[in-house]
file my_file.txt (compact mmCIF, C-alpha atoms)
# COMPACT_ATOMS: atom_id res chain seq x y z
CA MET A 1 -32.54 -31.26 14.32
CA ARG A 2 -30.16 -28.45 15.19
CA ASP A 3 -30.79 -24.90 14.05
CA TRP A 4 -27.79 -23.61 12.08
CA ARG A 5 -27.80 -20.38 14.11
CA LEU A 6 -27.19 -22.33 17.32
CA GLY A 7 -24.18 -24.26 16.09
CA CYS A 8 -22.19 -25.35 13.10
CA LEU A 9 -22.75 -28.20 10.72
CA LEU A 10 -19.84 -29.54 8.71
CA TYR A 11 -20.65 -30.84 5.24
CA THR A 12 -18.75 -33.99 4.31
CA SER A 13 -18.51 -33.40 0.54
CA LEU A 14 -17.13 -30.15 -0.82
CA PHE A 15 -16.41 -30.37 -4.54
CA ASP A 16 -15.47 -27.92 -7.29
CA MET A 17 -15.55 -28.10 -11.07
CA VAL A 18 -14.21 -26.06 -13.96
CA HIS A 19 -16.82 -26.57 -16.69
CA ALA A 20 -15.15 -26.26 -20.10
CA ASN A 21 -17.20 -25.15 -23.09
CA PRO A 22 -17.86 -28.21 -25.28
CA GLY A 23 -15.89 -28.10 -28.52
CA GLU A 24 -13.57 -25.32 -27.32
CA PRO A 25 -10.09 -25.34 -25.76
CA MET A 26 -10.00 -26.23 -22.10
CA THR A 27 -10.68 -23.31 -19.74
CA VAL A 28 -7.52 -21.79 -18.28
CA SER A 29 -8.04 -21.35 -14.54
CA ARG A 30 -6.14 -21.80 -11.31
CA TYR A 31 -9.04 -23.94 -10.13
CA ASN A 32 -7.97 -26.66 -12.53
CA ASP A 33 -5.17 -27.32 -10.04
CA PRO A 34 -6.44 -29.60 -7.27
CA ALA A 35 -3.80 -28.14 -4.96
CA THR A 36 -5.69 -24.83 -5.17
CA LEU A 37 -8.90 -26.61 -4.20
CA ALA A 38 -7.18 -28.31 -1.28
CA SER A 39 -5.94 -24.92 -0.05
CA TYR A 40 -9.58 -23.74 -0.06
CA ASP A 41 -10.53 -26.80 2.04
CA TYR A 42 -12.23 -28.71 -0.78
CA ASN A 43 -12.01 -32.50 -0.70
CA GLY A 44 -13.11 -33.36 -4.24
CA GLN A 45 -12.47 -32.24 -7.82
CA VAL A 46 -15.09 -32.87 -10.48
CA ILE A 47 -13.18 -33.30 -13.74
CA ASN A 48 -15.24 -32.24 -16.72
CA GLU A 49 -13.71 -32.09 -20.17
CA PHE A 50 -16.71 -33.78 -21.84
CA ARG A 51 -14.55 -36.85 -22.34
CA PRO A 52 -15.96 -39.09 -19.61
CA PRO A 53 -13.82 -42.03 -18.43
CA HIS A 54 -15.80 -44.57 -20.41
CA THR A 55 -14.51 -42.86 -23.57
CA ALA A 56 -11.02 -43.86 -22.37
CA ILE A 57 -11.58 -47.63 -22.50
CA THR A 58 -11.33 -50.00 -25.44
CA PHE A 59 -14.61 -51.92 -24.84
CA GLU A 60 -12.64 -55.12 -25.43
CA THR A 61 -14.87 -56.88 -22.93
CA VAL A 62 -17.76 -56.18 -25.30
CA ASP A 63 -16.10 -56.73 -28.68
CA GLU A 64 -12.45 -56.50 -29.79
CA ARG A 65 -13.55 -55.06 -33.14
CA ILE A 66 -14.67 -51.76 -31.58
CA PHE A 67 -11.22 -50.18 -31.15
CA PRO A 68 -8.73 -52.57 -32.80
CA ALA A 69 -5.03 -52.10 -32.19
CA GLY A 70 -3.45 -49.69 -34.64
CA SER A 71 -6.67 -47.83 -35.45
CA ALA A 72 -7.11 -44.07 -35.14
CA GLY A 73 -9.90 -44.63 -32.62
CA ARG A 74 -7.65 -46.80 -30.46
CA ALA A 75 -4.94 -44.13 -30.47
CA TRP A 76 -7.46 -41.49 -29.38
CA VAL A 77 -8.76 -43.72 -26.59
CA GLU A 78 -5.25 -44.41 -25.30
CA ASP A 79 -4.42 -40.70 -25.27
CA ASN A 80 -7.65 -40.02 -23.38
CA ALA A 81 -6.74 -42.75 -20.89
CA ARG A 82 -3.43 -41.01 -20.26
CA ARG A 83 -5.31 -37.78 -19.44
CA VAL A 84 -7.65 -39.59 -17.05
CA ARG A 85 -4.70 -41.14 -15.18
CA GLU A 86 -2.99 -37.75 -14.97
CA HIS A 87 -6.12 -36.15 -13.51
CA ILE A 88 -6.40 -38.89 -10.90
CA GLY A 89 -2.73 -38.60 -9.99
CA ARG A 90 -2.84 -34.82 -9.56
CA ALA A 91 -5.98 -34.94 -7.44
CA HIS A 92 -4.65 -37.63 -5.13
CA ALA A 93 -1.27 -35.91 -4.82
CA ALA A 94 -3.15 -32.84 -3.56
CA GLY A 95 -5.19 -34.92 -1.14
CA VAL A 96 -8.56 -34.52 -2.88
CA GLY A 97 -10.83 -37.09 -4.49
CA SER A 98 -11.18 -37.46 -8.25
CA TYR A 99 -14.75 -37.47 -9.52
CA PHE A 100 -15.49 -37.60 -13.23
CA PHE A 101 -18.40 -35.82 -14.89
CA THR A 102 -20.09 -38.52 -16.96
CA ASP A 103 -22.65 -38.14 -19.73
CA ILE A 104 -24.82 -41.19 -20.30
CA ILE A 105 -25.50 -42.48 -22.93
CA VAL A 106 -22.18 -42.13 -24.82
CA LEU A 107 -20.96 -45.22 -26.70
CA PRO A 108 -18.46 -45.89 -29.50
CA LYS A 109 -19.86 -45.33 -32.97
CA ARG A 110 -18.42 -48.66 -34.05
CA LEU A 111 -20.25 -50.44 -31.21
CA VAL A 112 -23.56 -48.97 -32.36
CA GLU A 113 -22.79 -50.04 -35.93
CA LEU A 114 -22.13 -53.60 -34.75
CA TYR A 115 -25.03 -53.90 -32.30
CA GLY A 116 -27.60 -51.43 -33.60
CA GLU A 117 -30.37 -54.00 -33.89
CA ASP A 118 -29.90 -54.86 -30.22
CA VAL A 119 -29.50 -51.39 -28.70
CA LEU A 120 -31.65 -48.99 -30.75
CA ASP A 121 -35.35 -48.35 -30.25
CA ASP A 122 -37.86 -47.78 -33.04
CA LYS A 123 -36.89 -44.09 -33.15
CA GLY A 124 -33.21 -44.82 -33.69
CA ARG A 125 -32.20 -43.90 -30.14
CA ILE A 126 -29.84 -45.96 -28.00
CA SER A 127 -32.26 -47.30 -25.41
CA LEU A 128 -31.58 -48.51 -21.88
CA HIS A 129 -34.80 -50.46 -22.19
CA ARG A 130 -33.04 -52.95 -24.45
CA PRO A 131 -31.33 -55.79 -22.50
CA LYS A 132 -28.19 -55.60 -24.64
CA THR A 133 -27.74 -51.91 -23.80
CA VAL A 134 -27.87 -52.70 -20.09
CA GLU A 135 -25.38 -55.53 -20.55
CA ILE A 136 -23.01 -53.23 -22.44
CA HIS A 137 -23.19 -50.60 -19.72
CA ARG A 138 -22.39 -53.15 -17.03
CA LEU A 139 -19.33 -54.31 -18.94
CA MET A 140 -18.40 -50.70 -19.67
CA LEU A 141 -18.47 -49.67 -16.01
CA ARG A 142 -16.49 -52.70 -14.94
CA GLU A 143 -13.87 -51.94 -17.55
CA VAL A 144 -13.67 -48.30 -16.38
CA PHE A 145 -12.94 -49.24 -12.77
CA ALA A 146 -10.56 -52.03 -13.78
CA ARG A 147 -8.54 -49.62 -15.92
CA PHE A 148 -8.80 -46.63 -13.54
CA PRO A 149 -9.05 -48.01 -9.99
CA GLY A 150 -8.07 -44.61 -8.60
CA ILE A 151 -11.33 -42.96 -9.65
CA ASP A 152 -13.20 -42.05 -6.49
CA GLY A 153 -16.60 -41.71 -8.10
CA LEU A 154 -18.80 -40.62 -10.98
CA VAL A 155 -21.06 -37.59 -11.36
CA VAL A 156 -23.68 -38.72 -13.86
CA ARG A 157 -25.66 -36.38 -16.07
CA THR A 158 -28.74 -37.20 -18.13
CA GLY A 159 -30.95 -34.84 -20.11
CA GLU A 160 -28.19 -33.51 -22.34
CA THR A 161 -25.42 -35.37 -24.16
CA TYR A 162 -22.49 -33.37 -25.55
CA LEU A 163 -20.44 -35.12 -28.23
CA GLN A 164 -18.22 -32.26 -29.44
CA ASN A 165 -15.11 -33.61 -27.70
CA VAL A 166 -15.53 -37.33 -28.49
CA PRO A 167 -15.05 -37.85 -32.25
CA PHE A 168 -15.29 -41.64 -32.11
CA HIS A 169 -18.43 -41.81 -29.98
CA THR A 170 -22.14 -41.15 -30.31
CA GLY A 171 -25.02 -41.01 -27.87
CA ASN A 172 -28.29 -39.56 -26.66
CA ASN A 173 -30.35 -38.80 -23.59
CA PRO A 174 -31.10 -42.12 -21.83
CA ILE A 175 -34.37 -40.84 -20.35
CA THR A 176 -36.61 -42.03 -23.14
CA GLU A 177 -39.44 -43.35 -20.94
CA GLY A 178 -39.57 -40.84 -18.11
CA GLN A 179 -39.59 -42.16 -14.57
CA ALA A 180 -39.02 -45.75 -15.68
CA SER A 181 -35.77 -44.75 -17.41
CA HIS A 182 -34.47 -42.92 -14.33
CA GLU A 183 -35.24 -45.90 -12.09
CA LEU A 184 -33.60 -48.35 -14.45
CA LEU A 185 -30.45 -46.25 -14.82
CA ILE A 186 -30.08 -45.37 -11.13
CA ASN A 187 -30.45 -48.99 -10.08
CA LEU A 188 -27.93 -50.08 -12.72
CA LEU A 189 -25.43 -47.45 -11.58
CA ARG A 190 -26.05 -48.19 -7.91
CA GLU A 191 -25.26 -51.86 -8.45
CA GLU A 192 -22.15 -51.34 -10.56
CA VAL A 193 -20.66 -48.17 -9.08
CA CYS A 194 -21.62 -48.27 -5.40
CA VAL A 195 -22.06 -51.97 -4.61
CA ARG A 196 -19.70 -53.77 -6.97
CA ALA A 197 -16.93 -51.19 -7.42
CA GLY A 198 -17.24 -49.53 -4.00
CA LYS A 199 -17.16 -46.05 -5.57
CA ARG A 200 -19.34 -43.01 -4.94
CA LEU A 201 -22.15 -42.10 -7.32
CA PHE A 202 -23.62 -38.62 -7.61
CA TYR A 203 -26.71 -38.81 -9.79
CA ARG A 204 -27.68 -35.39 -11.07
CA THR A 205 -31.36 -34.52 -11.22
CA TRP A 206 -30.74 -32.05 -14.04
CA ALA A 207 -33.27 -32.64 -16.79
CA THR A 208 -34.52 -30.93 -19.91
CA GLY A 209 -37.87 -30.58 -21.63
CA SER A 210 -40.88 -31.95 -19.82
CA ASP A 211 -38.85 -34.03 -17.34
CA LYS A 212 -39.65 -32.51 -13.92
CA PHE A 213 -37.05 -34.51 -11.98
CA ARG A 214 -34.99 -31.35 -11.43
CA GLU A 215 -37.70 -29.30 -9.73
CA ASP A 216 -40.87 -31.18 -8.72
CA PRO A 217 -40.71 -32.77 -5.21
CA THR A 218 -43.53 -35.16 -6.04
CA TYR A 219 -41.80 -36.44 -9.17
CA TYR A 220 -38.42 -36.48 -7.41
CA ARG A 221 -39.81 -38.68 -4.66
CA ALA A 222 -41.73 -40.87 -7.11
CA VAL A 223 -38.35 -41.76 -8.64
CA THR A 224 -36.01 -41.78 -5.65
CA ASP A 225 -38.29 -43.40 -3.07
CA ARG A 226 -38.17 -46.54 -5.20
CA ILE A 227 -34.37 -46.66 -4.97
CA GLU A 228 -32.82 -48.39 -1.98
CA PRO A 229 -30.53 -45.92 -0.16
CA HIS A 230 -26.79 -46.62 -0.16
CA GLU A 231 -24.07 -44.79 1.72
CA ARG A 232 -22.20 -44.15 -1.55
CA LEU A 233 -25.24 -42.96 -3.54
CA LEU A 234 -26.13 -39.27 -3.45
CA PHE A 235 -28.31 -37.04 -5.61
CA SER A 236 -26.89 -33.80 -6.97
CA ILE A 237 -29.36 -30.92 -7.24
CA LYS A 238 -29.05 -27.32 -8.41
CA HIS A 239 -30.07 -24.77 -5.78
CA THR A 240 -32.39 -23.27 -8.40
CA ALA A 241 -35.54 -24.99 -9.61
CA SER A 242 -34.23 -25.10 -13.18
CA ASP A 243 -31.10 -23.52 -14.61
CA PHE A 244 -29.08 -20.93 -12.68
CA TRP A 245 -31.51 -18.09 -13.26
CA ARG A 246 -32.58 -15.38 -10.84
CA THR A 247 -36.14 -15.54 -12.22
CA ILE A 248 -37.10 -18.86 -10.64
CA PRO A 249 -37.45 -20.03 -7.02
CA PHE A 250 -35.26 -22.04 -4.70
CA ASN A 251 -35.32 -25.74 -5.52
CA ARG A 252 -38.06 -27.46 -3.51
CA THR A 253 -36.56 -30.93 -4.08
CA LEU A 254 -33.71 -30.08 -1.70
CA GLY A 255 -34.03 -31.63 1.73
CA VAL A 256 -36.78 -34.13 0.90
CA GLY A 257 -36.87 -37.88 0.34
CA ARG A 258 -34.78 -40.83 1.50
CA HIS A 259 -31.37 -40.03 0.04
CA ARG A 260 -28.52 -37.68 0.84
CA GLN A 261 -27.97 -34.76 -1.51
CA ILE A 262 -25.30 -32.31 -2.58
CA VAL A 263 -26.15 -28.83 -3.85
CA GLU A 264 -24.82 -27.40 -7.11
CA VAL A 265 -23.92 -23.71 -7.22
CA GLU A 266 -22.57 -21.81 -10.22
CA CYS A 267 -19.96 -19.22 -9.20
CA ALA A 268 -19.39 -17.68 -12.65
CA ARG A 269 -23.06 -17.23 -13.45
CA GLU A 270 -23.60 -17.93 -17.14
CA TYR A 271 -26.60 -15.60 -17.42
CA GLU A 272 -24.79 -12.80 -15.57
CA ALA A 273 -21.58 -12.36 -17.61
CA LYS A 274 -19.64 -15.29 -16.12
CA GLY A 275 -17.70 -13.19 -13.64
CA ALA A 276 -16.75 -10.46 -16.12
CA CYS A 277 -18.45 -7.85 -13.90
CA PRO A 278 -19.17 -7.67 -10.15
CA ASP A 279 -21.57 -10.53 -9.36
CA TYR A 280 -21.77 -11.80 -5.79
CA VAL A 281 -24.27 -14.64 -5.32
CA GLY A 282 -23.09 -16.06 -1.99
CA ASP A 283 -25.60 -14.13 0.10
CA GLY A 284 -28.50 -15.00 -2.21
CA VAL A 285 -27.64 -18.69 -2.38
CA ILE A 286 -27.20 -19.00 1.38
CA ASN A 287 -29.82 -16.59 2.73
CA GLY A 288 -32.19 -16.26 -0.25
CA PHE A 289 -32.36 -13.70 -3.03
CA GLU A 290 -34.47 -10.62 -2.39
CA GLU A 291 -37.18 -11.60 -4.86
CA TYR A 292 -37.91 -14.79 -2.88
CA GLY A 293 -39.77 -12.71 -0.29
CA THR A 294 -40.57 -14.03 3.18
CA GLY A 295 -43.06 -16.79 2.40
CA ALA A 296 -43.13 -20.33 3.72
CA GLY A 297 -40.50 -22.87 2.76
CA PRO A 298 -36.72 -22.62 2.43
CA ARG A 299 -35.31 -19.57 0.66
CA GLY A 300 -31.64 -20.54 0.76
CA LEU A 301 -29.15 -23.10 2.00
CA ALA A 302 -29.15 -21.63 5.51
CA ASP A 303 -32.73 -22.80 5.92
CA LEU A 304 -31.58 -26.38 5.25
CA ALA A 305 -28.29 -26.33 7.15
CA ALA A 306 -29.65 -28.60 9.90
CA ASN A 307 -31.27 -31.04 7.47
CA PRO A 308 -29.40 -34.38 7.68
CA LEU A 309 -30.06 -35.10 3.99
CA LEU A 310 -27.79 -32.22 2.92
CA ALA A 311 -24.32 -33.75 2.66
CA GLY A 312 -22.31 -31.27 0.63
CA VAL A 313 -21.88 -28.41 -1.79
CA TRP A 314 -20.52 -28.62 -5.34
CA THR A 315 -19.38 -25.29 -6.74
CA TRP A 316 -18.77 -24.63 -10.40
CA SER A 317 -15.91 -22.16 -9.99
CA ARG A 318 -15.76 -21.51 -13.72
CA GLY A 319 -17.96 -22.37 -16.66
CA GLY A 320 -21.49 -23.32 -17.49
CA GLY A 321 -23.41 -22.29 -20.55
CA TRP A 322 -21.68 -21.65 -23.84
CA ARG A 323 -18.92 -19.46 -25.29
CA GLY A 324 -17.72 -16.30 -23.48
CA PRO A 325 -17.00 -13.95 -21.87
CA TYR A 326 -13.53 -15.44 -21.36
CA ILE A 327 -12.29 -13.77 -18.20
CA ALA A 328 -8.73 -13.45 -16.94
CA ASN A 329 -9.51 -11.93 -13.53
CA GLU A 330 -11.32 -14.49 -11.36
CA LEU A 331 -12.09 -12.23 -8.36
CA TRP A 332 -15.87 -12.64 -8.36
CA CYS A 333 -15.73 -16.38 -8.99
CA ASP A 334 -13.17 -16.61 -6.17
CA LEU A 335 -15.35 -14.67 -3.75
CA ASN A 336 -18.40 -16.82 -4.48
CA MET A 337 -16.63 -20.16 -4.14
CA TRP A 338 -14.66 -19.11 -1.04
CA VAL A 339 -17.76 -17.90 0.81
CA LEU A 340 -19.78 -20.99 -0.11
CA ALA A 341 -16.96 -23.35 0.79
CA HIS A 342 -16.19 -21.79 4.14
CA TRP A 343 -19.82 -21.36 5.05
CA ALA A 344 -20.37 -25.04 4.24
CA ARG A 345 -17.43 -26.02 6.42
CA ASP A 346 -18.83 -24.02 9.34
CA THR A 347 -22.41 -22.89 8.88
CA GLY A 348 -22.39 -21.37 12.35
CA ARG A 349 -20.34 -18.40 11.14
CA GLY A 350 -23.11 -17.41 8.70
CA GLU A 351 -22.62 -15.94 5.25
CA ALA A 352 -21.45 -12.59 6.62
CA GLY A 353 -18.75 -14.30 8.68
CA ALA A 354 -17.48 -16.23 5.68
CA PHE A 355 -17.49 -13.02 3.61
CA ALA A 356 -15.49 -11.18 6.28
CA ALA A 357 -12.94 -14.00 6.33
CA TYR A 358 -12.50 -13.68 2.57
CA ALA A 359 -12.05 -9.91 2.81
CA ARG A 360 -9.31 -10.37 5.39
CA ARG A 361 -7.71 -13.04 3.23
CA ILE A 362 -7.27 -10.62 0.32
CA GLY A 363 -5.82 -7.96 2.58
CA LEU A 364 -8.79 -5.67 3.27
CA ARG A 365 -9.11 -4.02 6.68
CA GLY A 366 -11.45 -1.59 8.43
CA ASP A 367 -13.70 0.50 6.22
CA ALA A 368 -12.41 -1.24 3.09
CA VAL A 369 -14.18 -4.42 4.23
CA ARG A 370 -17.47 -2.54 4.63
CA ARG A 371 -17.17 -0.93 1.20
CA PHE A 372 -16.26 -4.22 -0.48
CA ARG A 373 -19.30 -5.89 1.09
CA ARG A 374 -21.56 -3.01 0.01
CA LEU A 375 -20.25 -3.36 -3.57
CA ALA A 376 -20.85 -7.13 -3.48
CA LEU A 377 -24.43 -6.81 -2.22
CA LEU A 378 -25.18 -4.03 -4.70
CA SER A 379 -23.93 -6.30 -7.51
CA ALA A 380 -26.60 -8.83 -6.57
CA ALA A 381 -29.29 -6.14 -6.49
CA GLY A 382 -28.07 -4.86 -9.84
call {"tool": "encode", "arguments": {"input": "my_file.txt", "output": "structure tokens"}}
result
Amino acid sequence: MRDWRLGCLLYTSLFDMVHANPGEPMTVSRYNDPATLASYDYNGQVINEFRPPHTAITFETVDERIFPAGSAGRAWVEDNARRVREHIGRAHAAGVGSYFFTDIIVLPKRLVELYGEDVLDDKGRISLHRPKTVEIHRLMLREVFARFPGIDGLVVRTGETYLQNVPFHTGNNPITEGQASHELLINLLREEVCVRAGKRLFYRTWATGSDKFREDPTYYRAVTDRIEPHERLLFSIKHTASDFWRTIPFNRTLGVGRHRQIVEVECAREYEAKGACPDYVGDGVINGFEEYGTGAGPRGLADLAANPLLAGVWTWSRGGGWRGPYIANELWCDLNMWVLAHWARDTGRGEAGAFAAYARRIGLRGDAVRRFRRLALLSAAG
């Protein structure tokens, strides 16, 4: 493998997402425009309004009674379908792929009323370990790609299920039986998304509670080593070994296993005022935060730049967490995403080189560049 300091490595997937707060108006940001992302050299937009594309289908292939013509639910679904098509059209017009953030399990309330005996477990949860639930999800995914053939792929989340923006749907975390649930769901998605539909699947390892999928290399491999690799299947992993906190180490599941991975990085850090004050994380994410020390193992993305499993970076330019601050000036978000994107496109320049390119881009010269960098690094120390 090539050391990143001896040459550049170009990541093939560079995505960005504006993460809206569930139940609130959509975040106003220039990064909602895929043309902005294209100008930053991104090739994918992750669309996340907590109305995943399967909430924009009628489920007629399951049962015509779910969203009958003329019903309020049907009208909502059709309006949501219009939004999905508009997102796809804008992304493709800008030359970037359209990838939809997808919570599973989320199903129509009426469907659960009709088929509760066949899909619920003894605790009242919709269970993937019921054959009817699997059948419904197969039909659901086929209907999604039949109605929206322009979707380039899905980014699937488990562990949390937000229902604030989907008034006619209900759902729950599908991981009800630990590793067995992950394996069942990944194989189902691999078959329907990657093999049958020919789309890309990014399966997030984010998990809550006692599920160690997000952070434990042994557990990660116990799940993923049982999944047959596919060129369109990738795992999406936060660079931190839990949420985007400074108090926990670099994620040890990065760079291991049989499957390609993309790395999630939050640019408006939700535990650090969401960009409302100076907050540069590019150096820490790439080279390692100061508290990581000098011990064995990777400290930042630069230590994995030559690893062939690392296939891309997914920045969250805005959002994450809940509520405010609601910023108008996006300077610090912009700096973080620009540095990460341009480092990922050419790791040979290093973080400092990408930072210098950003400083020149915003018109800084000479000593102003040095002072801006000092401010940025001090913000991380602060």
call {"tool": "residues_around", "arguments": {"input": "my_file.txt", "residues": "Trp332 in chain A", "least_positions_apart": "2", "cutoff": "10 Å", "atoms": "all atoms listed in the file", "output": "list of chain:residue names"}}
result
A:Cys267, A:Ala268, A:Arg269, A:Lys274, A:Gly275, A:Ala276, A:Cys277, A:Pro278, A:Asp279, A:Tyr280, A:Val281, A:Ser317, A:Asn329, A:Glu330, A:Asp334, A:Leu335, A:Asn336, A:Met337, A:Trp338, A:Ala376
call {"tool": "write_last_selection", "arguments": {"input": "my_file.txt", "atoms": "C-alpha atoms", "output": "CSV table (one decimal), in the coordinates of the input"}}
result
chain,number,residue,atom,x,y,z
A,267,CYS,CA,-20.0,-19.2,-9.2
A,268,ALA,CA,-19.4,-17.7,-12.6
A,269,ARG,CA,-23.1,-17.2,-13.4
A,274,LYS,CA,-19.6,-15.3,-16.1
A,275,GLY,CA,-17.7,-13.2,-13.6
A,276,ALA,CA,-16.8,-10.5,-16.1
A,277,CYS,CA,-18.4,-7.8,-13.9
A,278,PRO,CA,-19.2,-7.7,-10.2
A,279,ASP,CA,-21.6,-10.5,-9.4
A,280,TYR,CA,-21.8,-11.8,-5.8
A,281,VAL,CA,-24.3,-14.6,-5.3
A,317,SER,CA,-15.9,-22.2,-10.0
A,329,ASN,CA,-9.5,-11.9,-13.5
A,330,GLU,CA,-11.3,-14.5,-11.4
A,334,ASP,CA,-13.2,-16.6,-6.2
A,335,LEU,CA,-15.4,-14.7,-3.8
A,336,ASN,CA,-18.4,-16.8,-4.5
A,337,MET,CA,-16.6,-20.2,-4.1
A,338,TRP,CA,-14.7,-19.1,-1.0
A,376,ALA,CA,-20.8,-7.1,-3.5
call {"tool": "residues_near_point", "arguments": {"input": "my_file.txt", "point": "(-31.5, -48.6, -21.8)", "cutoff": "10 Å", "atoms": "all atoms listed in the file", "output": "list in words"}}
result
Ile105, Val119, Leu120, Asp121, Arg125, Ile126, Ser127, Leu128, His129, Arg130, Pro131, Lys132, Thr133, Val134, Glu135, Ile136, His137, Pro174, Ile175, Thr176, Glu177, Ser181, His182, Leu184, Leu185 and Leu188 of chain A
call {"tool": "closest_residue", "arguments": {"input": "my_file.txt", "among": "A:Arg260, A:Arg142, A:His230, A:Arg90", "to": "Arg196 in chain A", "atoms": "all atoms listed in the file"}}
result
A:Arg142
call {"tool": "residues_around", "arguments": {"input": "my_file.txt", "residues": "Gly295 in chain A", "least_positions_apart": "6", "cutoff": "12 Å", "atoms": "all atoms listed in the file", "output": "PyMOL selection string"}}
result
chain A and resi 249-250+288
call {"tool": "atom_distance", "arguments": {"input": "my_file.txt", "atom1": "CA of Ala75 in chain A", "atom2": "CA of Pro167 in chain A"}}
result
12.0 Å
call {"tool": "closest_residue", "arguments": {"input": "my_file.txt", "among": "A:Pro298, A:Pro108, A:Pro34, A:Gly319", "to": "Arg74 in chain A", "atoms": "only C-alpha atoms"}}
result
A:Pro108
call {"tool": "atom_distance", "arguments": {"input": "my_file.txt", "atom1": "CA of Ala302 in chain A", "atom2": "CA of Asn48 in chain A"}}
result
28.3 Å
call {"tool": "closest_residue", "arguments": {"input": "my_file.txt", "among": "A:Val96, A:Leu14, A:Val77, A:Ile66", "to": "Leu111 in chain A", "atoms": "only C-alpha atoms"}}
result
A:Ile66
call {"tool": "closest_atom_pairs", "arguments": {"input": "my_file.txt", "of": "range 6-53 of chain A", "to": "range 144-159 of chain A", "cutoff": "12 Å", "atoms": "all atoms listed in the file", "output": "JSON lines"}}
result
{"residue": "A:Phe15", "atom": "CA", "partner": "A:Val155", "partner_atom": "CA", "distance": 11.0}
{"residue": "A:Asp16", "atom": "CA", "partner": "A:Val155", "partner_atom": "CA", "distance": 11.9}
{"residue": "A:Met17", "atom": "CA", "partner": "A:Val155", "partner_atom": "CA", "distance": 11.0}
{"residue": "A:Asn43", "atom": "CA", "partner": "A:Asp152", "partner_atom": "CA", "distance": 11.2}
{"residue": "A:Gly44", "atom": "CA", "partner": "A:Asp152", "partner_atom": "CA", "distance": 9.0}
{"residue": "A:Gln45", "atom": "CA", "partner": "A:Asp152", "partner_atom": "CA", "distance": 9.9}
{"residue": "A:Val46", "atom": "CA", "partner": "A:Val155", "partner_atom": "CA", "distance": 7.7}
{"residue": "A:Ile47", "atom": "CA", "partner": "A:Val155", "partner_atom": "CA", "distance": 9.3}
{"residue": "A:Asn48", "atom": "CA", "partner": "A:Val155", "partner_atom": "CA", "distance": 9.6}
{"residue": "A:Phe50", "atom": "CA", "partner": "A:Arg157", "partner_atom": "CA", "distance": 11.0}
{"residue": "A:Pro52", "atom": "CA", "partner": "A:Leu154", "partner_atom": "CA", "distance": 9.2}
{"residue": "A:Pro53", "atom": "CA", "partner": "A:Val144", "partner_atom": "CA", "distance": 6.6}
